[in-house]
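Coordinates from work-v7.cif are shown below (mmCIF, C-alpha atoms, pLDDT in the B column; chains and numbers go by the auth columns).
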```cif
data_run
loop_
_atom_site.group_PDB
_atom_site.id
_atom_site.type_symbol
_atom_site.label_atom_id
_atom_site.label_comp_id
_atom_site.label_asym_id
_atom_site.label_seq_id
_atom_site.Cartn_x
_atom_site.Cartn_y
_atom_site.Cartn_z
_atom_site.B_iso_or_equiv
_atom_site.auth_seq_id
_atom_site.auth_asym_id
ATOM 1 C CA GLU A 1 -182.516 -57.112 -14.314 56.00 1 A
ATOM 2 C CA VAL A 2 -179.740 -54.697 -15.223 60.00 2 A
ATOM 3 C CA LYS A 3 -180.602 -51.201 -14.062 64.00 3 A
ATOM 4 C CA ASP A 4 -180.528 -48.573 -16.795 66.00 4 A
ATOM 5 C CA LEU A 5 -179.369 -51.005 -19.499 63.00 5 A
ATOM 6 C CA THR A 6 -180.921 -48.864 -22.231 62.00 6 A
ATOM 7 C CA ASN A 7 -178.633 -45.981 -21.299 67.00 7 A
ATOM 8 C CA ARG A 8 -175.599 -48.208 -20.847 66.00 8 A
ATOM 9 C CA VAL A 9 -175.569 -49.376 -24.471 68.00 9 A
ATOM 10 C CA PRO A 10 -173.533 -46.560 -25.994 65.00 10 A
ATOM 11 C CA SER A 11 -175.018 -44.723 -28.942 76.00 11 A
ATOM 12 C CA HIS A 12 -172.002 -45.688 -31.097 78.00 12 A
ATOM 13 C CA ILE A 13 -172.937 -49.376 -30.704 83.00 13 A
ATOM 14 C CA MET A 14 -176.507 -48.664 -31.791 86.00 14 A
ATOM 15 C CA SER A 15 -175.221 -46.536 -34.706 90.00 15 A
ATOM 16 C CA SER A 16 -172.825 -49.307 -35.752 91.00 16 A
ATOM 17 C CA ILE A 17 -175.603 -51.880 -35.771 90.00 17 A
ATOM 18 C CA ILE A 18 -177.852 -49.568 -37.814 93.00 18 A
ATOM 19 C CA GLY A 19 -174.965 -49.151 -40.281 94.00 19 A
ATOM 20 C CA ILE A 20 -174.543 -52.918 -40.497 92.00 20 A
ATOM 21 C CA VAL A 21 -178.282 -53.343 -41.139 92.00 21 A
ATOM 22 C CA GLY A 22 -178.034 -50.766 -43.935 94.00 22 A
ATOM 23 C CA GLU A 23 -175.195 -52.716 -45.530 93.00 23 A
ATOM 24 C CA LEU A 24 -176.837 -56.123 -45.044 89.00 24 A
ATOM 25 C CA PHE A 25 -180.110 -55.050 -46.607 89.00 25 A
ATOM 26 C CA GLN A 26 -178.453 -52.666 -49.100 92.00 26 A
ATOM 27 C CA ASN A 27 -180.472 -49.669 -47.982 93.00 27 A
ATOM 28 C CA PRO A 28 -178.507 -47.440 -45.585 95.00 28 A
ATOM 29 C CA LYS A 29 -180.846 -44.461 -45.995 95.00 29 A
ATOM 30 C CA GLU A 30 -183.915 -46.387 -44.811 95.00 30 A
ATOM 31 C CA ALA A 31 -181.980 -48.337 -42.172 95.00 31 A
ATOM 32 C CA ALA A 32 -180.981 -44.985 -40.624 96.00 32 A
ATOM 33 C CA LYS A 33 -184.645 -44.659 -39.558 96.00 33 A
ATOM 34 C CA LEU A 34 -184.335 -47.634 -37.190 95.00 34 A
ATOM 35 C CA HIS A 35 -184.987 -46.983 -33.524 93.00 35 A
ATOM 36 C CA PRO A 36 -185.572 -49.186 -30.477 92.00 36 A
ATOM 37 C CA ARG A 37 -189.196 -50.348 -30.294 93.00 37 A
ATOM 38 C CA SER A 38 -189.729 -49.059 -26.762 90.00 38 A
ATOM 39 C CA TRP A 39 -188.014 -47.663 -23.706 85.00 39 A
ATOM 40 C CA LYS A 40 -187.385 -51.284 -22.661 86.00 40 A
ATOM 41 C CA GLU A 41 -184.930 -51.823 -25.508 88.00 41 A
ATOM 42 C CA PRO A 42 -182.321 -53.126 -25.512 89.00 42 A
ATOM 43 C CA HIS A 43 -182.912 -55.742 -22.817 89.00 43 A
ATOM 44 C CA LEU A 44 -180.971 -58.535 -21.159 90.00 44 A
ATOM 45 C CA LEU A 45 -181.888 -62.128 -22.035 93.00 45 A
ATOM 46 C CA LEU A 46 -180.512 -64.617 -19.558 93.00 46 A
ATOM 47 C CA TYR A 47 -180.654 -68.390 -19.961 95.00 47 A
ATOM 48 C CA GLN A 48 -179.455 -70.329 -16.962 94.00 48 A
ATOM 49 C CA ASN A 49 -179.226 -73.922 -15.883 93.00 49 A
ATOM 50 C CA LEU A 50 -177.577 -73.754 -12.481 92.00 50 A
ATOM 51 C CA GLU A 51 -178.318 -75.682 -9.316 91.00 51 A
ATOM 52 C CA GLY A 52 -180.272 -73.550 -6.856 91.00 52 A
ATOM 53 C CA LYS A 53 -181.191 -70.889 -9.431 90.00 53 A
ATOM 54 C CA PRO A 54 -184.487 -70.476 -11.334 88.00 54 A
ATOM 55 C CA LEU A 55 -184.370 -72.588 -14.496 88.00 55 A
ATOM 56 C CA HIS A 56 -184.647 -70.729 -17.822 91.00 56 A
ATOM 57 C CA THR A 57 -182.970 -72.800 -20.520 91.00 57 A
ATOM 58 C CA GLY A 58 -184.471 -71.643 -23.834 92.00 58 A
ATOM 59 C CA VAL A 59 -187.292 -69.956 -25.720 92.00 59 A
ATOM 60 C CA GLU A 60 -189.883 -71.719 -27.905 93.00 60 A
ATOM 61 C CA MET A 61 -190.275 -71.062 -31.638 93.00 61 A
ATOM 62 C CA HIS A 62 -191.538 -67.520 -32.252 95.00 62 A
ATOM 63 C CA TYR A 63 -191.119 -64.365 -34.287 95.00 63 A
ATOM 64 C CA ASP A 64 -190.453 -60.985 -32.703 96.00 64 A
ATOM 65 C CA GLY A 65 -192.964 -58.893 -34.672 94.00 65 A
ATOM 66 C CA CYS A 66 -190.599 -55.941 -35.072 96.00 66 A
ATOM 67 C CA ASP A 67 -188.745 -54.823 -38.197 96.00 67 A
ATOM 68 C CA VAL A 68 -185.235 -55.895 -37.153 95.00 68 A
ATOM 69 C CA THR A 69 -183.852 -57.784 -34.144 95.00 69 A
ATOM 70 C CA TRP A 70 -180.249 -57.908 -32.983 95.00 70 A
ATOM 71 C CA ASN A 71 -178.612 -60.077 -30.330 94.00 71 A
ATOM 72 C CA CYS A 72 -175.162 -59.456 -28.864 93.00 72 A
ATOM 73 C CA MET A 73 -173.529 -62.373 -27.056 94.00 73 A
ATOM 74 C CA LEU A 74 -172.182 -61.460 -23.622 93.00 74 A
ATOM 75 C CA SER A 75 -171.137 -64.925 -22.447 95.00 75 A
ATOM 76 C CA LYS A 76 -168.075 -66.889 -23.445 95.00 76 A
ATOM 77 C CA SER A 77 -169.002 -70.156 -25.171 92.00 77 A
ATOM 78 C CA SER A 78 -167.128 -71.987 -22.399 94.00 78 A
ATOM 79 C CA GLU A 79 -169.622 -70.667 -19.807 96.00 79 A
ATOM 80 C CA TYR A 80 -172.532 -72.828 -20.999 95.00 80 A
ATOM 81 C CA GLU A 81 -173.371 -76.051 -22.853 94.00 81 A
ATOM 82 C CA GLY A 82 -175.907 -76.270 -25.688 93.00 82 A
ATOM 83 C CA GLY A 83 -177.786 -73.148 -26.692 94.00 83 A
ATOM 84 C CA GLY A 84 -177.699 -71.075 -29.841 94.00 84 A
ATOM 85 C CA THR A 85 -180.383 -69.489 -31.989 95.00 85 A
ATOM 86 C CA TYR A 86 -182.154 -71.911 -34.307 93.00 86 A
ATOM 87 C CA ILE A 87 -183.401 -70.121 -37.438 93.00 87 A
ATOM 88 C CA ARG A 88 -186.126 -72.124 -39.113 92.00 88 A
ATOM 89 C CA ALA A 89 -185.672 -70.651 -42.620 92.00 89 A
ATOM 90 C CA LEU A 90 -181.953 -71.544 -42.569 90.00 90 A
ATOM 91 C CA ARG A 91 -182.467 -74.916 -40.888 89.00 91 A
ATOM 92 C CA LYS A 92 -179.425 -74.063 -38.798 90.00 92 A
ATOM 93 C CA THR A 93 -178.538 -73.125 -35.259 92.00 93 A
ATOM 94 C CA VAL A 94 -176.242 -70.118 -34.992 94.00 94 A
ATOM 95 C CA ARG A 95 -173.842 -70.079 -32.042 94.00 95 A
ATOM 96 C CA LEU A 96 -172.205 -66.756 -31.409 95.00 96 A
ATOM 97 C CA GLU A 97 -168.950 -66.153 -29.606 94.00 97 A
ATOM 98 C CA GLN A 98 -168.665 -63.424 -26.985 94.00 98 A
ATOM 99 C CA GLY A 99 -168.995 -59.980 -28.597 92.00 99 A
ATOM 100 C CA GLN A 100 -170.551 -61.226 -31.838 93.00 100 A
ATOM 101 C CA VAL A 101 -173.898 -59.853 -33.025 93.00 101 A
ATOM 102 C CA LEU A 102 -176.704 -61.649 -34.865 94.00 102 A
ATOM 103 C CA VAL A 103 -179.038 -59.386 -36.896 94.00 103 A
ATOM 104 C CA HIS A 104 -182.220 -60.711 -38.507 94.00 104 A
ATOM 105 C CA PRO A 105 -185.637 -59.555 -39.716 94.00 105 A
ATOM 106 C CA GLY A 106 -188.087 -59.555 -36.810 95.00 106 A
ATOM 107 C CA GLU A 107 -190.579 -61.635 -38.797 94.00 107 A
ATOM 108 C CA LEU A 108 -188.165 -64.576 -39.029 94.00 108 A
ATOM 109 C CA TYR A 109 -189.204 -67.630 -36.996 95.00 109 A
ATOM 110 C CA HIS A 110 -186.496 -68.687 -34.542 95.00 110 A
ATOM 111 C CA LYS A 111 -185.986 -70.142 -31.085 94.00 111 A
ATOM 112 C CA GLY A 112 -183.464 -70.012 -28.293 95.00 112 A
ATOM 113 C CA CYS A 113 -182.154 -73.571 -28.075 94.00 113 A
ATOM 114 C CA ASP A 114 -181.967 -75.039 -24.595 94.00 114 A
ATOM 115 C CA ILE A 115 -178.749 -74.828 -22.659 95.00 115 A
ATOM 116 C CA THR A 116 -177.921 -77.906 -20.602 94.00 116 A
ATOM 117 C CA SER A 117 -175.666 -76.167 -18.076 95.00 117 A
ATOM 118 C CA GLY A 118 -174.228 -72.772 -17.218 96.00 118 A
ATOM 119 C CA VAL A 119 -175.326 -69.261 -18.125 95.00 119 A
ATOM 120 C CA ARG A 120 -175.888 -67.769 -21.584 96.00 120 A
ATOM 121 C CA ALA A 121 -176.420 -63.998 -21.540 95.00 121 A
ATOM 122 C CA LEU A 122 -177.301 -61.744 -24.467 95.00 122 A
ATOM 123 C CA ILE A 123 -178.340 -58.167 -25.060 92.00 123 A
ATOM 124 C CA VAL A 124 -181.379 -58.201 -27.368 94.00 124 A
ATOM 125 C CA CYS A 125 -182.967 -55.237 -29.122 94.00 125 A
ATOM 126 C CA PHE A 126 -186.207 -55.051 -31.104 96.00 126 A
ATOM 127 C CA MET A 127 -186.116 -52.186 -33.602 95.00 127 A
ATOM 128 C CA ASP A 128 -188.700 -50.537 -35.858 96.00 128 A
ATOM 129 C CA GLY A 129 -188.529 -47.898 -38.588 95.00 129 A
ATOM 130 C CA PHE A 130 -187.174 -49.961 -41.508 94.00 130 A
ATOM 131 C CA ASP A 131 -188.800 -53.158 -42.704 92.00 131 A
ATOM 132 C CA PRO A 132 -186.298 -55.174 -44.767 90.00 132 A
ATOM 133 C CA ASP A 133 -189.310 -56.929 -46.346 89.00 133 A
ATOM 134 C CA ILE A 134 -187.785 -60.391 -46.307 88.00 134 A
ATOM 135 C CA PRO A 135 -190.565 -62.944 -45.994 86.00 135 A
ATOM 136 C CA ASP A 136 -190.044 -66.112 -43.990 90.00 136 A
ATOM 137 C CA PRO A 137 -190.954 -69.008 -46.323 88.00 137 A
ATOM 138 C CA SER A 138 -190.587 -71.631 -43.573 87.00 138 A
ATOM 139 C CA SER A 139 -193.367 -73.510 -41.825 86.00 139 A
ATOM 140 C CA ALA A 140 -193.760 -75.781 -38.837 84.00 140 A
ATOM 141 C CA LYS A 141 -193.074 -78.816 -41.046 80.00 141 A
ATOM 142 C CA ASP A 142 -189.507 -77.499 -41.251 72.00 142 A
ATOM 143 C CA ASP A 143 -189.054 -77.984 -37.492 76.00 143 A
ATOM 144 C CA LEU A 144 -187.040 -81.185 -37.460 72.00 144 A
ATOM 145 C CA GLU A 145 -184.834 -81.836 -34.456 75.00 145 A
ATOM 146 C CA GLU A 146 -181.985 -82.865 -36.739 72.00 146 A
ATOM 147 C CA TYR A 147 -181.894 -79.333 -38.184 73.00 147 A
ATOM 148 C CA GLU A 148 -181.412 -77.831 -34.726 74.00 148 A
ATOM 149 C CA LYS A 149 -178.308 -79.996 -34.388 72.00 149 A
ATOM 150 C CA ASN A 150 -176.919 -78.390 -37.561 69.00 150 A
ATOM 151 C CA VAL A 151 -174.832 -75.897 -35.548 71.00 151 A
ATOM 152 C CA ARG A 152 -172.789 -73.178 -37.171 68.00 152 A
ATOM 153 C CA SER A 153 -170.331 -71.197 -35.058 69.00 153 A
ATOM 154 C CA TYR A 154 -169.004 -67.941 -36.426 61.00 154 A
#
```

What would you get if you wrote out this structure as structure tokens?
Amino acid sequence: EVKDLTNRVPSHIMSSIIGIVGELFQNPKEAAKLHPRSWKEPHLLLYQNLEGKPLHTGVEMHYDGCDVTWNCMLSKSSEYEGGGTYIRALRKTVRLEQGQVLVHPGELYHKGCDITSGVRALIVCFMDGFDPDIPDPSSAKDDLEEYEKNVRSY
């Protein structure tokens, strides 16, 4: 746990992300209504596969249930093996580099792919106040392991 993480994420970062969401979904006025879902946001998500440490390598397929989710990569890609965010509707795994941010509708099905070694750390924030209204047309039949191996680094 990182003490006081919600206050350590500067307001200019949150404002920048809200601006990006407005551009992405072509509705800056409505995106300006976005706010963190609760006092627990943003939060630290830590995947680790290290000897002698509790094992947490990934997250199963799920949707977040909020309007918009963003993830900011804290780790360097050299600090872990595997990982990435598999997005079912895209049939791709997105691997971010340190400092990059992934923004997606909270209703989109995705999973945190398992890391095989190291530590993968992200700041994650669930936000409400603007629903981009982008339905997820995917279904469980789209969950083929070969799609998870379709990795795209940005």

| In Å, with one decimal, what is the gap from CA of Asp143 (chain A) to CA of Met61 (chain A)? |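 The value is 9.1 Å.
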
3 Å per side around region 118-130 of chain A: axis-aligned box centre and edge lengths, as JSON:
```
{"center_x": -181.5, "center_y": -60.3, "center_z": -29.4, "size_x": 20.5, "size_y": 30.9, "size_z": 30.3}
```

| said: I'd like the residues picked by the PyMOL selection byres ((chain A and resi 30) around 12) written out as an MDAnalysis selection string, using the chain letters and numbers from the file. | reply: chainID A and resid 18:19 21:23 25:29 31:35 67 128:133

| task | Counting all atoms listed in the file, find the residues whose atoms lie at most 9 Å from (-178.4, -58.8, -22.8) (file coordinates) and write them out as a PyMOL selection string. | result | chain A and resi 2+5+42-46+71-74+121-125

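Take the candidates A:Ser78, A:Gly118, A:Leu96, A:Lys111 and check each one against Glu51 (chain A) using only C-alpha atoms; the shortest distance goes to A:Gly118.
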
| message | Distance cut-off 8 Å, centre (-172.3, -77.8, -17.6) in file coordinates, counting only C-alpha atoms: which residues qualify? Return them as a count of residues only. | response | 6

| task | Please identify all polymer residues within 12 Å of Ser138 (chain A), counting only C-alpha atoms, omitting same-chain residues fewer than 4 positions from it, and present them as a PyMOL selection string. | result | chain A and resi 61+63+87-91+107-110+134+142-144

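Coordinates place CA of Pro54 (chain A) at a distance of 11.5 Å from CA of Val119 (chain A).
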
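The space separating CA of Ile17 (chain A) from CA of His104 (chain A) comes to 11.4 Å.
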
| query | Pick from A:Met127, A:Cys66, A:Met14, A:Val151: nearest to Thr85 (chain A), with all atoms listed in the file counted? | reply |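 Of A:Met127, A:Cys66, A:Met14, A:Val151, the one nearest Thr85 (chain A) is A:Val151, counting all atoms listed in the file.
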
Using the incomplete input, complete region 50-72 of chain A to the level of N, CA, C and O atoms; output as an mmCIF file, in the frame of the given file.
```cif
data_model
loop_
_atom_site.group_PDB
_atom_site.id
_atom_site.type_symbol
_atom_site.label_atom_id
_atom_site.label_comp_id
_atom_site.auth_asym_id
_atom_site.auth_seq_id
_atom_site.Cartn_x
_atom_site.Cartn_y
_atom_site.Cartn_z
ATOM 1 N N LEU A 50 -178.492 -73.662 -13.616
ATOM 2 C CA LEU A 50 -177.577 -73.754 -12.481
ATOM 3 C C LEU A 50 -178.342 -74.286 -11.272
ATOM 4 O O LEU A 50 -179.489 -73.889 -11.036
ATOM 5 N N GLU A 51 -177.692 -75.136 -10.521
ATOM 6 C CA GLU A 51 -178.318 -75.682 -9.316
ATOM 7 C C GLU A 51 -178.627 -74.552 -8.335
ATOM 8 O O GLU A 51 -177.792 -73.679 -8.086
ATOM 9 N N GLY A 52 -179.864 -74.550 -7.830
ATOM 10 C CA GLY A 52 -180.272 -73.550 -6.856
ATOM 11 C C GLY A 52 -180.746 -72.239 -7.442
ATOM 12 O O GLY A 52 -181.095 -71.317 -6.723
ATOM 13 N N LYS A 53 -180.738 -72.112 -8.761
ATOM 14 C CA LYS A 53 -181.191 -70.889 -9.431
ATOM 15 C C LYS A 53 -182.436 -71.218 -10.253
ATOM 16 O O LYS A 53 -182.613 -72.353 -10.708
ATOM 17 N N PRO A 54 -183.314 -70.225 -10.481
ATOM 18 C CA PRO A 54 -184.487 -70.476 -11.334
ATOM 19 C C PRO A 54 -184.037 -70.958 -12.719
ATOM 20 O O PRO A 54 -183.100 -70.414 -13.302
ATOM 21 N N LEU A 55 -184.712 -71.984 -13.210
ATOM 22 C CA LEU A 55 -184.370 -72.588 -14.496
ATOM 23 C C LEU A 55 -184.993 -71.788 -15.644
ATOM 24 O O LEU A 55 -186.191 -71.525 -15.659
ATOM 25 N N HIS A 56 -184.169 -71.333 -16.566
ATOM 26 C CA HIS A 56 -184.647 -70.729 -17.822
ATOM 27 C C HIS A 56 -183.640 -71.155 -18.879
ATOM 28 O O HIS A 56 -182.554 -70.589 -18.978
ATOM 29 N N THR A 57 -183.975 -72.192 -19.643
ATOM 30 C CA THR A 57 -182.970 -72.800 -20.520
ATOM 31 C C THR A 57 -183.116 -72.437 -21.987
ATOM 32 O O THR A 57 -182.179 -72.613 -22.757
ATOM 33 N N GLY A 58 -184.282 -71.958 -22.424
ATOM 34 C CA GLY A 58 -184.471 -71.643 -23.834
ATOM 35 C C GLY A 58 -185.782 -70.922 -24.057
ATOM 36 O O GLY A 58 -186.519 -70.626 -23.116
ATOM 37 N N VAL A 59 -186.061 -70.639 -25.323
ATOM 38 C CA VAL A 59 -187.292 -69.956 -25.720
ATOM 39 C C VAL A 59 -187.887 -70.720 -26.897
ATOM 40 O O VAL A 59 -187.174 -71.059 -27.853
ATOM 41 N N GLU A 60 -189.188 -70.986 -26.833
ATOM 42 C CA GLU A 60 -189.883 -71.719 -27.905
ATOM 43 C C GLU A 60 -189.859 -70.960 -29.229
ATOM 44 O O GLU A 60 -189.576 -69.761 -29.272
ATOM 45 N N MET A 61 -190.222 -71.656 -30.303
ATOM 46 C CA MET A 61 -190.275 -71.062 -31.638
ATOM 47 C C MET A 61 -191.216 -69.852 -31.638
ATOM 48 O O MET A 61 -192.322 -69.917 -31.117
ATOM 49 N N HIS A 62 -190.751 -68.742 -32.219
ATOM 50 C CA HIS A 62 -191.538 -67.520 -32.252
ATOM 51 C C HIS A 62 -190.976 -66.566 -33.300
ATOM 52 O O HIS A 62 -189.921 -66.808 -33.869
ATOM 53 N N TYR A 63 -191.682 -65.483 -33.543
ATOM 54 C CA TYR A 63 -191.119 -64.365 -34.287
ATOM 55 C C TYR A 63 -191.294 -63.133 -33.412
ATOM 56 O O TYR A 63 -192.163 -63.095 -32.538
ATOM 57 N N ASP A 64 -190.473 -62.121 -33.615
ATOM 58 C CA ASP A 64 -190.453 -60.985 -32.703
ATOM 59 C C ASP A 64 -191.490 -59.919 -33.044
ATOM 60 O O ASP A 64 -191.858 -59.134 -32.181
ATOM 61 N N GLY A 65 -191.929 -59.854 -34.300
ATOM 62 C CA GLY A 65 -192.964 -58.893 -34.672
ATOM 63 C C GLY A 65 -192.465 -57.473 -34.851
ATOM 64 O O GLY A 65 -193.260 -56.554 -35.013
ATOM 65 N N CYS A 66 -191.168 -57.267 -34.824
ATOM 66 C CA CYS A 66 -190.599 -55.941 -35.072
ATOM 67 C C CYS A 66 -189.976 -55.963 -36.472
ATOM 68 O O CYS A 66 -190.029 -56.971 -37.168
ATOM 69 N N ASP A 67 -189.382 -54.858 -36.876
ATOM 70 C CA ASP A 67 -188.745 -54.823 -38.197
ATOM 71 C C ASP A 67 -187.407 -55.572 -38.200
ATOM 72 O O ASP A 67 -187.148 -56.390 -39.077
ATOM 73 N N VAL A 68 -186.572 -55.289 -37.231
ATOM 74 C CA VAL A 68 -185.235 -55.895 -37.153
ATOM 75 C C VAL A 68 -184.926 -56.223 -35.695
ATOM 76 O O VAL A 68 -185.240 -55.443 -34.799
ATOM 77 N N THR A 69 -184.309 -57.381 -35.472
ATOM 78 C CA THR A 69 -183.852 -57.784 -34.144
ATOM 79 C C THR A 69 -182.343 -57.966 -34.183
ATOM 80 O O THR A 69 -181.806 -58.459 -35.176
ATOM 81 N N TRP A 70 -181.668 -57.559 -33.118
ATOM 82 C CA TRP A 70 -180.249 -57.908 -32.983
ATOM 83 C C TRP A 70 -179.994 -58.474 -31.598
ATOM 84 O O TRP A 70 -180.652 -58.124 -30.635
ATOM 85 N N ASN A 71 -179.043 -59.417 -31.562
ATOM 86 C CA ASN A 71 -178.612 -60.077 -30.330
ATOM 87 C C ASN A 71 -177.095 -59.945 -30.238
ATOM 88 O O ASN A 71 -176.401 -60.279 -31.197
ATOM 89 N N CYS A 72 -176.604 -59.521 -29.101
ATOM 90 C CA CYS A 72 -175.162 -59.456 -28.864
ATOM 91 C C CYS A 72 -174.812 -60.430 -27.745
ATOM 92 O O CYS A 72 -175.366 -60.343 -26.648
#
```
